[in-house]
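A.B. asks: Would you mind keeping the following structure in view while I ask a few things?
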Amino acid sequence: AGVPRCGASLHDLNKALKIELNANATCVWQIQRNANQTIRLVFSYFKFAPSSSCETESIKIYDGPSTNSSLLGQVCNDTDAVPVLQSSSDSLTFLITTNSMAFTRNFFAFYYFFSPETKLENCGGLLTSPNGTLTSPNYPAAYPEFTYCVWHIQTAKNTKINLQFQDFFLELDKNCQFDFTAVYDGLSTGTGLIGKVCGRTQPTFESSSNAMTVVLFTDYANSYRGFSAQYTSIPLPGPVEPDTFLKCTSDSMEIVLSKSYLASLGYNETQLQLNDPSCSPVVTDSVIFSFPLASCGTIKKDEGQSITYTNIVSLSATGNIITRQKALQIIAKCKMENNSTLEVIYVTKNNIIQNTTAVGRYNISMSFYETESFSEPVDQSPYYVDLNQTVFAQVSLHSSDPNLLVFVDTCIASPQPDFGSVTYDLIRSGCKKDDTVVTYPPLEHYGRFKFNAFRFLKHLPSVYLQCDILICDSKAANSRCAAGCISRQKRAISSYTWKTNTVIGPIRLKRDLRSADYSESLTKADAEETPNLQQYSFYTLSFVVLISNIIIVVAVILKYQTRQTGYSYQKIQNS
């Protein structure tokens, strides 16, 4: 064992590496051999500086001859596993970086070349029976060198697994660096390590659910008889559903826990606290934590295409010396992404995670303004303007988080509110597409621009605006909001955090308003004249009927008088 203190180029078929590093180290080890084989690398022991994070201290493993190769895995201070990695070819590289803390870091690694086609009998597999046994290869004879076996045990739902080693004999080492057995809670070997054992012992392990994984790893020397183990499945008590509720808005987070649920976990409301212990809950039939997003120790994280706000309700046990209560945390997360707020709350209890989700929204609004001061929004709808008049528009984000930025990415105009007909670009990908558009620099929670009023041809009176709005972390120097205008070729270089769109309108020209007013006045005048016309027609008709009756009476009288005169003047003929 042993290599140069900081990095090396390794060509042996197998080698143990004992590495000791101090502060501010950046060391690269390259493993390569023309063997037409793959490499298996295990970090069976690692000790980083206390409280270090993956960002400041880590081991990064690359699948190839340099750190430019694809990343195969990463080991950090909080890695909850014994990392075993396998290359896809005959080269592998790993990089160890340390921070500035004065502390001696220790690592133990072992690698060997092997042919993946080579199979070992009784080495791993899937076990699904309610009860069963597993033994190391060749048991009770000595196990082979360069052994890597993985057993996955999965029993019926609503059960847990008890694993007991009746016989166990592996090479003894204080840190179990050479030969070891690792047991995981679940079907993954990447997290959930319950324990790592070696030497002579009879350990017992228990899972929290119906899945468990057992790993056996051995190096090239000092083989012993291995182990024989038996597992049994045990029914779990009826599940206690997490009686929890999480609500996320643009301004706040609200976590609600029922007292009965807390009691089922063995806790009460006096044992709860957020990241910031000074933020107290309101206690009624439930325990309610309600607080602004940017307070109470809430952790904000920009994850590229989303922003998350996370807070943790810790349930602390009473007593000063010992406790038999299981550690429990309730992790509440508001995730702002893709036109919605995803609310996630989950409970961790000895590596058990239970999830509930819900959906909310950012609060975005858009208004027209009369002047460049953006002090008084236009309340009327439609908004009547003169042709070529300057129109001021503002998008507002209503959130208590001060470190958010609003960016107007795209704005299109349409004569129809559904934007299904012809459209006209005012802004596209942050770039001005109309000569009259002026955009204002992003200002906290406001995105602003102005343009000159126009109308669509073919006598379509209305103009509606639809704008795509991006929201970024104001502290991110390379965010999409900070990038401004991006051409089509460069559009993929910068990411945004959250995206939505909003519609406002319509805008109409004032001459349309005057035309509408004139038509309305004509309609009213017609309505007022109609009764007079009807009355005039009635009088005229009555007068005509009266004159006609008079003429008829006069004619009848004259005819009667004429008849009388005839008789009086008619001569009698002589016979």
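Residues in the structure tokens are numbered from 1 in each chain, the chains being A, B, ... in the order shown, and ligands are numbered from 1 in the order shown.
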Could I get the residues of segment 148-183 of chain A with an atom no further than 12 Å from an atom of segment 118-131 of chain A, each paired with its nearest atom pair and that distance in Å to one decimal, using only C-alpha atoms, sorted by chain and residue number, as JSON lines?
C.D. replies:
```
{"residue": "A:Tyr148", "atom": "CA", "partner": "A:Cys123", "partner_atom": "CA", "distance": 7.6}
{"residue": "A:Cys149", "atom": "CA", "partner": "A:Gly124", "partner_atom": "CA", "distance": 4.8}
{"residue": "A:Val150", "atom": "CA", "partner": "A:Gly124", "partner_atom": "CA", "distance": 4.4}
{"residue": "A:Trp151", "atom": "CA", "partner": "A:Gly124", "partner_atom": "CA", "distance": 4.3}
{"residue": "A:His152", "atom": "CA", "partner": "A:Leu126", "partner_atom": "CA", "distance": 4.8}
{"residue": "A:Ile153", "atom": "CA", "partner": "A:Leu127", "partner_atom": "CA", "distance": 4.7}
{"residue": "A:Gln154", "atom": "CA", "partner": "A:Thr128", "partner_atom": "CA", "distance": 5.0}
{"residue": "A:Thr155", "atom": "CA", "partner": "A:Thr128", "partner_atom": "CA", "distance": 5.3}
{"residue": "A:Ala156", "atom": "CA", "partner": "A:Pro130", "partner_atom": "CA", "distance": 7.1}
{"residue": "A:Lys157", "atom": "CA", "partner": "A:Pro130", "partner_atom": "CA", "distance": 10.6}
{"residue": "A:Asn158", "atom": "CA", "partner": "A:Pro130", "partner_atom": "CA", "distance": 11.9}
{"residue": "A:Thr159", "atom": "CA", "partner": "A:Pro130", "partner_atom": "CA", "distance": 9.3}
{"residue": "A:Lys160", "atom": "CA", "partner": "A:Pro130", "partner_atom": "CA", "distance": 10.0}
{"residue": "A:Ile161", "atom": "CA", "partner": "A:Pro130", "partner_atom": "CA", "distance": 8.9}
{"residue": "A:Asn162", "atom": "CA", "partner": "A:Asn131", "partner_atom": "CA", "distance": 9.4}
{"residue": "A:Leu163", "atom": "CA", "partner": "A:Asn131", "partner_atom": "CA", "distance": 9.8}
{"residue": "A:Gln164", "atom": "CA", "partner": "A:Asn131", "partner_atom": "CA", "distance": 11.5}
```
A.B. asks: Keeping only N, CA, C and O atoms, write those residues as an mmCIF file, in the first residue's frame.
C.D. replies:
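Just written: result22.cif:
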```
data_model
loop_
_atom_site.group_PDB
_atom_site.id
_atom_site.type_symbol
_atom_site.label_atom_id
_atom_site.label_comp_id
_atom_site.auth_asym_id
_atom_site.auth_seq_id
_atom_site.Cartn_x
_atom_site.Cartn_y
_atom_site.Cartn_z
ATOM 1 N N TYR A 148 -16.844 -9.480 -5.417
ATOM 2 C CA TYR A 148 -17.843 -8.403 -5.231
ATOM 3 C C TYR A 148 -19.215 -9.004 -5.507
ATOM 4 O O TYR A 148 -19.570 -9.281 -6.663
ATOM 5 N N CYS A 149 -19.969 -9.249 -4.447
ATOM 6 C CA CYS A 149 -21.290 -9.886 -4.565
ATOM 7 C C CYS A 149 -22.348 -8.963 -3.980
ATOM 8 O O CYS A 149 -22.132 -8.348 -2.925
ATOM 9 N N VAL A 150 -23.489 -8.893 -4.636
ATOM 10 C CA VAL A 150 -24.596 -8.048 -4.177
ATOM 11 C C VAL A 150 -25.873 -8.882 -4.143
ATOM 12 O O VAL A 150 -26.324 -9.395 -5.176
ATOM 13 N N TRP A 151 -26.476 -8.994 -2.938
ATOM 14 C CA TRP A 151 -27.759 -9.677 -2.779
ATOM 15 C C TRP A 151 -28.845 -8.625 -2.508
ATOM 16 O O TRP A 151 -28.704 -7.798 -1.597
ATOM 17 N N HIS A 152 -29.914 -8.667 -3.282
ATOM 18 C CA HIS A 152 -31.090 -7.824 -3.040
ATOM 19 C C HIS A 152 -32.183 -8.705 -2.437
ATOM 20 O O HIS A 152 -32.569 -9.719 -3.037
ATOM 21 N N ILE A 153 -32.674 -8.315 -1.289
ATOM 22 C CA ILE A 153 -33.758 -9.055 -0.621
ATOM 23 C C ILE A 153 -35.009 -8.182 -0.674
ATOM 24 O O ILE A 153 -34.986 -7.019 -0.236
ATOM 25 N N GLN A 154 -36.099 -8.739 -1.195
ATOM 26 C CA GLN A 154 -37.354 -7.996 -1.286
ATOM 27 C C GLN A 154 -38.502 -8.913 -0.906
ATOM 28 O O GLN A 154 -38.759 -9.920 -1.564
ATOM 29 N N THR A 155 -39.198 -8.548 0.171
ATOM 30 C CA THR A 155 -40.307 -9.361 0.667
ATOM 31 C C THR A 155 -41.629 -8.650 0.366
ATOM 32 O O THR A 155 -41.663 -7.627 -0.321
ATOM 33 N N ALA A 156 -42.725 -9.196 0.909
ATOM 34 C CA ALA A 156 -44.052 -8.642 0.624
ATOM 35 C C ALA A 156 -44.182 -7.230 1.185
ATOM 36 O O ALA A 156 -43.463 -6.834 2.121
ATOM 37 N N LYS A 157 -45.115 -6.461 0.626
ATOM 38 C CA LYS A 157 -45.378 -5.112 1.119
ATOM 39 C C LYS A 157 -45.832 -5.147 2.569
ATOM 40 O O LYS A 157 -46.369 -6.147 3.046
ATOM 41 N N ASN A 158 -45.619 -4.051 3.260
ATOM 42 C CA ASN A 158 -45.992 -3.904 4.676
ATOM 43 C C ASN A 158 -45.271 -4.902 5.562
ATOM 44 O O ASN A 158 -45.809 -5.386 6.567
ATOM 45 N N THR A 159 -44.025 -5.230 5.164
ATOM 46 C CA THR A 159 -43.163 -6.043 6.022
ATOM 47 C C THR A 159 -41.804 -5.365 6.122
ATOM 48 O O THR A 159 -41.472 -4.484 5.329
ATOM 49 N N LYS A 160 -41.034 -5.770 7.096
ATOM 50 C CA LYS A 160 -39.627 -5.370 7.192
ATOM 51 C C LYS A 160 -38.789 -6.634 7.294
ATOM 52 O O LYS A 160 -39.317 -7.739 7.497
ATOM 53 N N ILE A 161 -37.470 -6.473 7.164
ATOM 54 C CA ILE A 161 -36.586 -7.635 7.065
ATOM 55 C C ILE A 161 -35.627 -7.647 8.248
ATOM 56 O O ILE A 161 -34.998 -6.631 8.563
ATOM 57 N N ASN A 162 -35.525 -8.799 8.873
ATOM 58 C CA ASN A 162 -34.539 -9.025 9.932
ATOM 59 C C ASN A 162 -33.470 -9.966 9.366
ATOM 60 O O ASN A 162 -33.770 -11.065 8.908
ATOM 61 N N LEU A 163 -32.203 -9.512 9.397
ATOM 62 C CA LEU A 163 -31.079 -10.298 8.862
ATOM 63 C C LEU A 163 -30.139 -10.641 10.008
ATOM 64 O O LEU A 163 -29.645 -9.741 10.696
ATOM 65 N N GLN A 164 -29.887 -11.939 10.206
ATOM 66 C CA GLN A 164 -29.028 -12.383 11.297
ATOM 67 C C GLN A 164 -27.925 -13.276 10.739
ATOM 68 O O GLN A 164 -28.182 -14.243 10.022
#
```
A.B. asks: From the list A:Gln271, A:Arg448, A:Asp473, A:Glu370, which residue is nearest Ser306 of chain A when using only C-alpha atoms?
C.D. replies: A:Asp473
A.B. asks: Under the rule of at most 12 Å, produce a per-residue listing of segment 191-263 of chain A near segment 67-82 of chain A: chain, number, name, the closest pair of atoms, and the distance in Å, as a tab-separated table, using only C-alpha atoms.
C.D. replies:
```
residue	atom	partner	partner_atom	distance
A:Thr191	CA	A:Asp80	CA	4.9
A:Gly192	CA	A:Asp80	CA	5.9
A:Leu193	CA	A:Ala81	CA	5.2
A:Ile194	CA	A:Ala81	CA	8.8
A:Gly195	CA	A:Ala81	CA	9.1
A:Lys196	CA	A:Val82	CA	8.3
A:Val197	CA	A:Val82	CA	11.5
A:Thr213	CA	A:Ala81	CA	11.6
A:Val214	CA	A:Val82	CA	11.7
A:Val215	CA	A:Val82	CA	9.6
A:Leu216	CA	A:Val82	CA	11.0
A:Phe217	CA	A:Val82	CA	10.1
```
A.B. asks: Would you export the selected residues with C-alpha atoms as a short mmCIF file (atom, residue, chain, number, x, y, z; two decimals), in the first residue's frame, please?
C.D. replies:
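What landed in selection14.cif:
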```
data_model
loop_
_atom_site.label_atom_id
_atom_site.label_comp_id
_atom_site.auth_asym_id
_atom_site.auth_seq_id
_atom_site.Cartn_x
_atom_site.Cartn_y
_atom_site.Cartn_z
CA THR A 191 -27.31 5.36 0.06
CA GLY A 192 -29.02 4.07 3.20
CA LEU A 193 -26.04 2.26 4.76
CA ILE A 194 -27.14 0.46 7.93
CA GLY A 195 -23.73 -0.96 8.79
CA LYS A 196 -20.33 -2.23 7.57
CA VAL A 197 -18.75 -5.22 9.38
CA THR A 213 -29.25 -5.08 0.13
CA VAL A 214 -26.18 -7.05 1.27
CA VAL A 215 -22.72 -6.50 -0.28
CA LEU A 216 -19.59 -8.62 0.10
CA PHE A 217 -16.24 -7.14 -1.02
#
```
A.B. asks: Which residues come within 10 Å of Ile427 of chain A, counting only C-alpha atoms, excluding same-chain residues fewer than 3 positions away, as a list in words?
C.D. replies: Val408, Asp409, Thr410, Cys411, Ile412, Ala413, Tyr424, Gly430, Cys431, Lys432, Lys433, Asp434, Val437, Val438, Thr439, Phe449, Cys467, Asp468 and Cys485 of chain A
A.B. asks: Take the residues just selected and output them with all heavy atoms as a short mmCIF file (atom, residue, chain, number, x, y, z; two decimals), in the first residue's frame.
C.D. replies:
```cif
data_model
loop_
_atom_site.label_atom_id
_atom_site.label_comp_id
_atom_site.auth_asym_id
_atom_site.auth_seq_id
_atom_site.Cartn_x
_atom_site.Cartn_y
_atom_site.Cartn_z
N VAL A 408 -39.02 40.37 -19.04
CA VAL A 408 -40.00 40.20 -20.12
C VAL A 408 -39.26 39.58 -21.29
O VAL A 408 -38.47 40.23 -21.98
CB VAL A 408 -40.63 41.55 -20.51
CG1 VAL A 408 -41.65 41.35 -21.62
CG2 VAL A 408 -41.28 42.20 -19.31
N ASP A 409 -39.51 38.29 -21.54
CA ASP A 409 -38.78 37.57 -22.58
C ASP A 409 -39.39 37.77 -23.96
O ASP A 409 -38.69 38.05 -24.92
CB ASP A 409 -38.76 36.07 -22.23
CG ASP A 409 -38.03 35.25 -23.28
OD1 ASP A 409 -36.78 35.32 -23.30
OD2 ASP A 409 -38.69 34.56 -24.07
N THR A 410 -40.70 37.62 -24.05
CA THR A 410 -41.38 37.71 -25.35
C THR A 410 -42.74 38.35 -25.16
O THR A 410 -43.45 38.04 -24.19
CB THR A 410 -41.55 36.30 -25.97
OG1 THR A 410 -40.26 35.75 -26.22
CG2 THR A 410 -42.34 36.35 -27.26
N CYS A 411 -43.11 39.26 -26.08
CA CYS A 411 -44.44 39.86 -26.09
C CYS A 411 -44.95 39.89 -27.53
O CYS A 411 -44.26 40.39 -28.43
CB CYS A 411 -44.41 41.29 -25.53
SG CYS A 411 -44.69 41.37 -23.76
N ILE A 412 -46.13 39.35 -27.73
CA ILE A 412 -46.75 39.38 -29.05
C ILE A 412 -48.11 40.07 -28.95
O ILE A 412 -48.74 40.07 -27.89
CB ILE A 412 -46.92 37.97 -29.65
CG1 ILE A 412 -47.82 37.09 -28.77
CG2 ILE A 412 -45.57 37.31 -29.86
CD1 ILE A 412 -48.15 35.74 -29.38
N ALA A 413 -48.55 40.67 -30.06
CA ALA A 413 -49.84 41.35 -30.13
C ALA A 413 -50.75 40.59 -31.08
O ALA A 413 -50.29 39.96 -32.04
CB ALA A 413 -49.66 42.79 -30.61
N TYR A 424 -48.32 39.76 -34.06
CA TYR A 424 -47.22 40.67 -34.38
C TYR A 424 -46.26 40.72 -33.20
O TYR A 424 -46.67 40.89 -32.05
CB TYR A 424 -47.78 42.08 -34.67
CG TYR A 424 -46.72 43.13 -34.92
CD1 TYR A 424 -45.97 43.13 -36.10
CD2 TYR A 424 -46.48 44.13 -33.99
CE1 TYR A 424 -45.01 44.10 -36.33
CE2 TYR A 424 -45.52 45.11 -34.21
CZ TYR A 424 -44.78 45.08 -35.38
OH TYR A 424 -43.83 46.04 -35.62
N GLY A 430 -36.20 38.45 -25.57
CA GLY A 430 -35.55 39.62 -24.98
C GLY A 430 -35.09 40.65 -25.99
O GLY A 430 -34.53 41.68 -25.61
N CYS A 431 -35.33 40.41 -27.28
CA CYS A 431 -34.88 41.31 -28.34
C CYS A 431 -36.06 42.11 -28.88
O CYS A 431 -37.15 41.56 -29.10
CB CYS A 431 -34.24 40.54 -29.49
SG CYS A 431 -32.85 39.49 -28.98
N LYS A 432 -35.86 43.42 -29.09
CA LYS A 432 -36.92 44.28 -29.60
C LYS A 432 -37.16 43.98 -31.08
O LYS A 432 -36.24 44.00 -31.90
CB LYS A 432 -36.54 45.75 -29.41
CG LYS A 432 -36.42 46.16 -27.95
CD LYS A 432 -36.01 47.61 -27.79
CE LYS A 432 -34.53 47.79 -28.14
NZ LYS A 432 -34.07 49.17 -27.84
N LYS A 433 -38.41 43.71 -31.45
CA LYS A 433 -38.78 43.41 -32.83
C LYS A 433 -39.57 44.54 -33.47
O LYS A 433 -39.82 44.51 -34.67
CB LYS A 433 -39.59 42.10 -32.88
CG LYS A 433 -38.81 40.88 -32.44
CD LYS A 433 -37.59 40.64 -33.31
CE LYS A 433 -36.83 39.41 -32.91
NZ LYS A 433 -35.63 39.18 -33.74
N ASP A 434 -40.00 45.51 -32.68
CA ASP A 434 -40.71 46.69 -33.18
C ASP A 434 -39.84 47.91 -32.89
O ASP A 434 -39.27 48.05 -31.81
CB ASP A 434 -42.07 46.81 -32.49
CG ASP A 434 -42.85 48.02 -32.97
OD1 ASP A 434 -42.69 49.11 -32.38
OD2 ASP A 434 -43.63 47.88 -33.94
N VAL A 437 -40.41 49.96 -29.64
CA VAL A 437 -40.32 49.32 -28.32
C VAL A 437 -39.08 49.81 -27.58
O VAL A 437 -37.99 49.87 -28.14
CB VAL A 437 -40.29 47.78 -28.45
CG1 VAL A 437 -39.92 47.13 -27.12
CG2 VAL A 437 -41.63 47.26 -28.92
N VAL A 438 -39.28 50.17 -26.32
CA VAL A 438 -38.18 50.49 -25.41
C VAL A 438 -38.37 49.65 -24.15
O VAL A 438 -39.44 49.71 -23.52
CB VAL A 438 -38.14 51.99 -25.05
CG1 VAL A 438 -37.05 52.26 -24.02
CG2 VAL A 438 -37.93 52.84 -26.30
N THR A 439 -37.36 48.86 -23.80
CA THR A 439 -37.44 48.06 -22.57
C THR A 439 -36.62 48.74 -21.47
O THR A 439 -35.59 49.35 -21.74
CB THR A 439 -36.90 46.64 -22.80
OG1 THR A 439 -35.55 46.72 -23.27
CG2 THR A 439 -37.75 45.89 -23.81
N PHE A 449 -41.82 47.96 -20.14
CA PHE A 449 -41.48 48.35 -21.50
C PHE A 449 -42.55 49.31 -22.01
O PHE A 449 -43.61 49.48 -21.40
CB PHE A 449 -41.38 47.12 -22.42
CG PHE A 449 -42.67 46.36 -22.60
CD1 PHE A 449 -43.49 46.58 -23.70
CD2 PHE A 449 -43.07 45.41 -21.66
CE1 PHE A 449 -44.67 45.88 -23.87
CE2 PHE A 449 -44.25 44.71 -21.82
CZ PHE A 449 -45.05 44.94 -22.92
N CYS A 467 -47.51 38.15 -23.03
CA CYS A 467 -46.08 38.23 -22.72
C CYS A 467 -45.63 36.99 -21.96
O CYS A 467 -46.30 36.55 -21.03
CB CYS A 467 -45.77 39.48 -21.89
SG CYS A 467 -46.11 41.03 -22.77
N ASP A 468 -44.48 36.44 -22.37
CA ASP A 468 -43.81 35.38 -21.62
C ASP A 468 -42.89 36.03 -20.60
O ASP A 468 -42.03 36.85 -20.95
CB ASP A 468 -43.00 34.48 -22.55
CG ASP A 468 -43.89 33.60 -23.41
OD1 ASP A 468 -45.07 33.45 -23.06
OD2 ASP A 468 -43.41 33.09 -24.42
N CYS A 485 -31.04 40.28 -24.40
CA CYS A 485 -31.42 39.80 -25.74
C CYS A 485 -30.53 38.63 -26.14
O CYS A 485 -29.31 38.71 -26.08
CB CYS A 485 -31.28 40.94 -26.75
SG CYS A 485 -31.50 40.43 -28.48
#
```
A.B. asks: For atom CA of Gly199 of chain A and atom CA of Lys15 of chain A, determine how far apart the two atoms are, in Å to one decimal place.
C.D. replies: 21.7 Å
A.B. asks: Could you pull out the strand (DSSP E) residues of segment 27-113 of chain A, going by DSSP on the backbone, and write them as JSON, numbers by chain?
C.D. replies: {"A": [27, 28, 29, 30, 31, 32, 38, 39, 40, 41, 42, 43, 44, 45, 46, 47, 58, 59, 60, 61, 62, 71, 72, 73, 74, 75, 84, 85, 86, 91, 92, 93, 94, 95, 96, 97, 105, 106, 107, 108, 109, 110, 111, 112, 113]}
A.B. asks: For the residues selected in the previous step, produce a file with C-alpha atoms as a PDB file, in the first residue's frame.
C.D. replies:
```
ATOM      1  CA  CYS A  27      -4.752  15.685  -6.606  1.00  0.00           C
ATOM      2  CA  VAL A  28      -5.414  13.415  -9.576  1.00  0.00           C
ATOM      3  CA  TRP A  29      -4.859   9.667  -9.818  1.00  0.00           C
ATOM      4  CA  GLN A  30      -5.028   7.981 -13.213  1.00  0.00           C
ATOM      5  CA  ILE A  31      -5.444   4.213 -13.515  1.00  0.00           C
ATOM      6  CA  GLN A  32      -4.755   2.782 -16.973  1.00  0.00           C
ATOM      7  CA  THR A  38     -12.568  -2.989 -16.829  1.00  0.00           C
ATOM      8  CA  ILE A  39     -11.626  -1.540 -13.451  1.00  0.00           C
ATOM      9  CA  ARG A  40     -13.426  -1.885 -10.128  1.00  0.00           C
ATOM     10  CA  LEU A  41     -12.556   0.805  -7.552  1.00  0.00           C
ATOM     11  CA  VAL A  42     -13.749   0.903  -3.941  1.00  0.00           C
ATOM     12  CA  PHE A  43     -13.281   3.642  -1.356  1.00  0.00           C
ATOM     13  CA  SER A  44     -13.620   1.489   1.746  1.00  0.00           C
ATOM     14  CA  TYR A  45     -12.642   4.307   4.110  1.00  0.00           C
ATOM     15  CA  PHE A  46     -12.771   8.097   3.808  1.00  0.00           C
ATOM     16  CA  LYS A  47     -12.491  10.864   6.349  1.00  0.00           C
ATOM     17  CA  SER A  58     -14.955  15.616  -2.595  1.00  0.00           C
ATOM     18  CA  ILE A  59     -13.648  12.665  -4.542  1.00  0.00           C
ATOM     19  CA  LYS A  60     -14.789  12.760  -8.164  1.00  0.00           C
ATOM     20  CA  ILE A  61     -14.409   9.584 -10.235  1.00  0.00           C
ATOM     21  CA  TYR A  62     -14.248   9.829 -14.043  1.00  0.00           C
ATOM     22  CA  LEU A  71     -18.309  11.727 -14.320  1.00  0.00           C
ATOM     23  CA  LEU A  72     -18.885   8.256 -12.893  1.00  0.00           C
ATOM     24  CA  GLY A  73     -19.563   9.191  -9.277  1.00  0.00           C
ATOM     25  CA  GLN A  74     -18.775  11.487  -6.370  1.00  0.00           C
ATOM     26  CA  VAL A  75     -17.877  10.819  -2.730  1.00  0.00           C
ATOM     27  CA  VAL A  84     -17.849   0.762  -5.355  1.00  0.00           C
ATOM     28  CA  LEU A  85     -17.422   2.017  -8.929  1.00  0.00           C
ATOM     29  CA  GLN A  86     -16.783   0.258 -12.222  1.00  0.00           C
ATOM     30  CA  SER A  91      -8.929   3.529 -17.727  1.00  0.00           C
ATOM     31  CA  LEU A  92     -10.252   5.371 -14.722  1.00  0.00           C
ATOM     32  CA  THR A  93      -9.397   8.726 -13.098  1.00  0.00           C
ATOM     33  CA  PHE A  94     -10.248  10.170  -9.702  1.00  0.00           C
ATOM     34  CA  LEU A  95      -9.715  13.688  -8.351  1.00  0.00           C
ATOM     35  CA  ILE A  96      -9.572  14.595  -4.651  1.00  0.00           C
ATOM     36  CA  THR A  97      -9.992  18.232  -3.586  1.00  0.00           C
ATOM     37  CA  ARG A 105      -7.800  13.763   5.648  1.00  0.00           C
ATOM     38  CA  ASN A 106      -7.464   9.988   5.279  1.00  0.00           C
ATOM     39  CA  PHE A 107      -8.670   7.768   2.444  1.00  0.00           C
ATOM     40  CA  PHE A 108      -8.257   4.098   1.627  1.00  0.00           C
ATOM     41  CA  ALA A 109      -8.968   2.850  -1.878  1.00  0.00           C
ATOM     42  CA  PHE A 110      -8.442  -0.420  -3.672  1.00  0.00           C
ATOM     43  CA  TYR A 111      -8.735  -1.180  -7.377  1.00  0.00           C
ATOM     44  CA  TYR A 112      -8.303  -4.192  -9.630  1.00  0.00           C
ATOM     45  CA  PHE A 113      -8.754  -5.060 -13.297  1.00  0.00           C
TER      46      PHE A 113
END
```
A.B. asks: So that I can see what lies close to Ser381 of chain A, please list as a PyMOL selection string the residues with an atom at most 12 Å from it, counting only C-alpha atoms and leaving out residues fewer than 3 positions away in the same chain.
C.D. replies: chain A and resi 367-368+377-378+384-385+462-464+504-508+513
A.B. asks: Include C-alpha atoms and write out the residues we just selected as an mmCIF file, in the first residue's frame.
C.D. replies:
```
data_model
loop_
_atom_site.group_PDB
_atom_site.id
_atom_site.type_symbol
_atom_site.label_atom_id
_atom_site.label_comp_id
_atom_site.auth_asym_id
_atom_site.auth_seq_id
_atom_site.Cartn_x
_atom_site.Cartn_y
_atom_site.Cartn_z
ATOM 1 C CA SER A 367 -51.129 46.460 -16.351
ATOM 2 C CA PHE A 368 -51.019 49.494 -18.637
ATOM 3 C CA PRO A 377 -52.335 51.864 -13.561
ATOM 4 C CA VAL A 378 -55.034 52.217 -16.219
ATOM 5 C CA TYR A 384 -58.581 53.859 -25.636
ATOM 6 C CA VAL A 385 -55.480 55.542 -27.039
ATOM 7 C CA SER A 462 -58.676 45.645 -30.733
ATOM 8 C CA VAL A 463 -55.062 44.879 -29.818
ATOM 9 C CA TYR A 464 -54.261 42.300 -27.106
ATOM 10 C CA ILE A 504 -53.633 42.096 -21.187
ATOM 11 C CA GLY A 505 -55.970 44.165 -23.352
ATOM 12 C CA PRO A 506 -57.668 45.210 -25.439
ATOM 13 C CA ILE A 507 -56.242 48.529 -26.635
ATOM 14 C CA ARG A 508 -58.497 50.518 -29.010
ATOM 15 C CA LEU A 513 -64.509 55.463 -29.169
#
```
A.B. asks: Using only C-alpha atoms, pick whichever of A:Ser487, A:Ser373, A:Ser89, A:Thr135 has the shortest atom-to-atom distance to Pro116 of chain A.
C.D. replies: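 Looking only at the distances to Pro116 of chain A, the closest residue turns out to be A:Ser89.
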A.B. asks: Would you please work out which residue, of A:Asp12, A:Asp251, A:Glu20, A:Glu269, is nearest to Val282 of chain A when using only C-alpha atoms?
C.D. replies: A:Glu269
A.B. asks: From the set A:Tyr224, A:Leu443, A:Thr56, A:Ala141, which residue has the shortest atom-to-atom contact distance to Asp179 of chain A, counting only C-alpha atoms?
C.D. replies: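 Selected residue with least distance to Asp179 of chain A: A:Tyr224.
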